[in-house]
Amino acid sequence: MGRLLISAAHKSSGKTTVSIGLCAALRARGLTVQPFKKGPDYIDPMWLAQAAGRPCYNLDFYVQGREEILGEFIARSTHADLALVEGNKGLYDGLDLDGSNSNAALAKLLALPVVLVLDTTGVIRGVAPLLLGYQAFDRGVNIAGVILNKVGGSRHEAKLRAVIEHYTDIPVLGAVHHDAGLTILERHLGLIPANEEAEAQAHIQALAERIARQVDLDRLLAVAAAAPPLVAPLPARPPAASGRLRVAIARDKAFGFYYPDDLEALQAAGAELVPFDTLHDPHLPEADALFIGGGFPESFARELSANRSLRRDIRDAIEAGLPAYVECGGLMYLARSLTTDGIRHEMVGIVPGDVVMHAKPVGRGYVRLKQTAASPWARGPQDLPEIWAHEFHYSSLENLPAGLTYAYEVKRGHGIDGRHDGFVYKNLLASYTHLRGTRRFDWPARFMEWVRRCQAHPSPRRLSAP
């Protein structure tokens, strides 16, 4: 198995579009490409997964231990010709001063050759000290190649190649010329999700053709193949649960933020995932539980509001005690209303608050949560492990009454009100936090255990009233 890390000197260098193009171009050659994304992210992995034709998995030091990352990486890559990891931010960027959770740290843990994507806008000779500095900063990182991006033309490319060849020993693997038509549009959390992009596959195909022409794919594959062997115990997979329970899951343009390994873990824990479309389906499918992940409900607020019958079904089902878990976009959908661009739209009405969109992020980044005694997924009164997760939201929940019940105290992050997250009502848990199923906190298994407990005790205790 060949492998490499696509990184950059700084964010917005174009590494995501290059990574998407590489996945698609190599797939077109008949290779099996397994994509990964460092850190918490939903949108880039959607594009990478569509380009590679395989689920994209996240590798995240904050929520996973080093051994867990290594084991999962090997297990997911076993039958691939190439494992391609897209970094986040710059190569040496990370939370800690020592760089222990940086892209460089991931490259060293997984022995990944690094290919730097450099934004060459307005620079020629300056690429040399930048590359030399990146090499010298940590000799344990193997910077095995560079792809020049946003190149101004053939003369610009020739000068850049001459400078790099003269001053460094880093091979230039390609030069991608600037083309505004190939830029994927961005929203406040990053790229527009692939599930919203009407012409996503055509866009990916255009990127693949451009990358195939302007990147030496054979040299890139040689760099990847030179990575040393990795050895680690494969992660233990829990035995599949007996007895299937139907979990209705919102999968549409408004809600698409799901980690594929979390969905796999839900299925292993006994879930039969039953997708439904919040924009078009008039009724909630018959189910034993409900799960609505994140997304951009504000972009589809009018359509969500117009689907009154589905909103009524969801409200009635939760009032009747249906076990439900919603996060971020799902929380917004279950609120009383959602106001965006000055227009108020009626939502489901179970969460007793009104969602308001803001120009700047309200909560963005990693969170740390302390569970309260009201946490519905606890396996016992002493089973309240701390939760490490993340949040990304430009909205806030306004006009909340006092005395609500919350599953979490926020130790880092914002959550619902800066101090609490995880609104609890009957058998509903609704939070801004995005959970990730890991060894630290296997939420899919806990969720399915909770659904079974709810079935065994169908009369839920009323915890707080909207």
# chains A, B, ... in the order shown; residues from 1 in each chain; ligands from 1
$ residues_around --residues "Leu109 in chain A" --least-positions-apart "5" --cutoff "9 Å" --atoms "only C-alpha atoms" --output "list in words"
Arg66, Ile69, Leu70 and Ala104 of chain A
$ write_last_selection --atoms "N, CA and C atoms" --output "mmCIF file, in the first residue's frame"
data_model
loop_
_atom_site.group_PDB
_atom_site.id
_atom_site.type_symbol
_atom_site.label_atom_id
_atom_site.label_comp_id
_atom_site.auth_asym_id
_atom_site.auth_seq_id
_atom_site.Cartn_x
_atom_site.Cartn_y
_atom_site.Cartn_z
ATOM 1 N N ARG A 66 -3.182 7.850 19.753
ATOM 2 C CA ARG A 66 -2.248 7.565 18.669
ATOM 3 C C ARG A 66 -2.378 6.126 18.189
ATOM 4 N N ILE A 69 -5.522 5.752 16.093
ATOM 5 C CA ILE A 69 -5.348 6.316 14.748
ATOM 6 C C ILE A 69 -4.555 5.360 13.863
ATOM 7 N N LEU A 70 -3.448 4.841 14.407
ATOM 8 C CA LEU A 70 -2.601 3.938 13.629
ATOM 9 C C LEU A 70 -3.364 2.683 13.229
ATOM 10 N N ALA A 104 2.124 17.498 10.789
ATOM 11 C CA ALA A 104 3.463 16.913 10.800
ATOM 12 C C ALA A 104 3.522 15.728 11.756
#
$ residues_around --residues "range 368-377 of chain A" --least-positions-apart "2" --cutoff "6 Å" --atoms "only C-alpha atoms" --output "VMD selection string"
chain A and resid 384 386 to 388 407 to 412 446 450
$ write_last_selection --atoms "C-alpha atoms" --output "PDB file, in the first residue's frame"
ATOM      1  CA  LEU A 384     -20.239   9.691  33.178  1.00  0.00           C
ATOM      2  CA  GLU A 386     -15.781  13.274  29.946  1.00  0.00           C
ATOM      3  CA  ILE A 387     -16.576  13.823  26.271  1.00  0.00           C
ATOM      4  CA  TRP A 388     -14.097  15.278  23.772  1.00  0.00           C
ATOM      5  CA  ALA A 407     -26.885  16.433  29.662  1.00  0.00           C
ATOM      6  CA  TYR A 408     -23.597  18.353  29.548  1.00  0.00           C
ATOM      7  CA  GLU A 409     -21.681  21.075  31.332  1.00  0.00           C
ATOM      8  CA  VAL A 410     -19.384  22.806  28.839  1.00  0.00           C
ATOM      9  CA  LYS A 411     -15.746  22.893  29.979  1.00  0.00           C
ATOM     10  CA  ARG A 412     -14.411  24.039  26.627  1.00  0.00           C
ATOM     11  CA  ARG A 446     -24.463   3.844  23.990  1.00  0.00           C
ATOM     12  CA  TRP A 450     -30.433   3.569  25.291  1.00  0.00           C
TER      13      TRP A 450
END
$ residues_around --residues "Phe300 in chain A" --least-positions-apart "4" --cutoff "12 Å" --atoms "only C-alpha atoms" --output "list in words"
Glu196, Asp252, Lys253, Ala254, Phe255, Thr278, Leu279, His280, Gly295, Phe296, Leu304, Ser305, Ala306, Asn307, Gly329, Met332, Tyr333, Leu338, Thr339, Thr340, His345 and Met347 of chain A
$ select_by_dssp --residues "range 96-248 of chain A" --states "helix (DSSP H, G or I)" --output "NGL selection string"
:A and (103-109 or 127-137 or 154-167 or 180-182 or 200-214 or 217-225)
$ write_last_selection --atoms "C-alpha atoms" --output "compact mmCIF listing (two decimals), in the first residue's frame"
# COMPACT_ATOMS: atom_id res chain seq x y z
CA ASN A 103 -0.28 17.47 10.45
CA ALA A 104 3.46 16.91 10.80
CA ALA A 105 2.84 14.75 13.88
CA LEU A 106 0.35 12.66 11.90
CA ALA A 107 2.88 12.32 9.07
CA LYS A 108 5.46 10.98 11.52
CA LEU A 109 3.01 8.64 13.28
CA VAL A 127 9.34 29.59 -2.61
CA ALA A 128 12.92 28.48 -1.92
CA PRO A 129 13.33 29.84 1.65
CA LEU A 130 9.82 28.67 2.45
CA LEU A 131 10.59 25.10 1.39
CA LEU A 132 14.02 25.12 3.02
CA GLY A 133 12.50 26.40 6.26
CA TYR A 134 9.82 23.71 6.24
CA GLN A 135 12.49 21.06 5.73
CA ALA A 136 14.72 22.41 8.49
CA PHE A 137 11.95 22.95 11.05
CA SER A 154 3.93 28.82 -18.37
CA ARG A 155 6.60 31.50 -17.71
CA HIS A 156 5.67 31.62 -14.03
CA GLU A 157 5.85 27.83 -13.85
CA ALA A 158 9.27 27.70 -15.52
CA LYS A 159 10.72 30.25 -13.10
CA LEU A 160 9.30 28.46 -10.08
CA ARG A 161 10.70 25.13 -11.22
CA ALA A 162 14.13 26.64 -11.84
CA VAL A 163 14.24 28.24 -8.37
CA ILE A 164 13.19 25.06 -6.58
CA GLU A 165 15.60 22.90 -8.55
CA HIS A 166 18.49 25.29 -7.91
CA TYR A 167 18.03 25.85 -4.18
CA ALA A 180 -11.33 30.17 -11.41
CA GLY A 181 -13.81 27.81 -13.02
CA LEU A 182 -12.48 24.87 -11.01
CA ALA A 200 -20.57 17.76 -8.14
CA GLN A 201 -19.58 14.79 -10.31
CA ALA A 202 -18.95 17.00 -13.35
CA HIS A 203 -16.87 19.31 -11.17
CA ILE A 204 -14.85 16.37 -9.86
CA GLN A 205 -14.33 15.07 -13.39
CA ALA A 206 -13.01 18.45 -14.50
CA LEU A 207 -10.60 18.53 -11.54
CA ALA A 208 -9.44 15.00 -12.35
CA GLU A 209 -8.68 15.89 -15.96
CA ARG A 210 -6.78 19.02 -14.93
CA ILE A 211 -4.75 17.15 -12.31
CA ALA A 212 -3.98 14.29 -14.72
CA ARG A 213 -2.54 16.79 -17.22
CA GLN A 214 -0.60 18.97 -14.81
CA LEU A 217 0.97 10.92 -11.34
CA ASP A 218 3.65 8.27 -11.89
CA ARG A 219 6.18 10.23 -9.81
CA LEU A 220 3.53 10.87 -7.18
CA LEU A 221 2.78 7.14 -6.94
CA ALA A 222 6.50 6.41 -6.67
CA VAL A 223 6.74 8.82 -3.73
CA ALA A 224 3.80 7.09 -2.07
CA ALA A 225 5.22 3.62 -2.72
$ closest_residue --among "A:Ala80, A:Val247, A:Arg439, A:Phe36" --to "Leu266 in chain A" --atoms "only C-alpha atoms"
A:Val247
$ residues_around --residues "range 4-11 of chain A" --least-positions-apart "3" --cutoff "10 Å" --atoms "only C-alpha atoms" --output "PyMOL selection string"
chain A and resi 14-16+18-19+22+36-38+82-93+103-104+106-107+110-119+130-131+134+143-147+220-221+223-227
$ atom_distance --atom1 "CA of Ala301 in chain A" --atom2 "CA of Ser337 in chain A"
9.3 Å
$ closest_residue --among "A:Gly342, A:Val63, A:Ser12, A:Gly2" --to "Val33 in chain A" --atoms "only C-alpha atoms"
A:Gly2
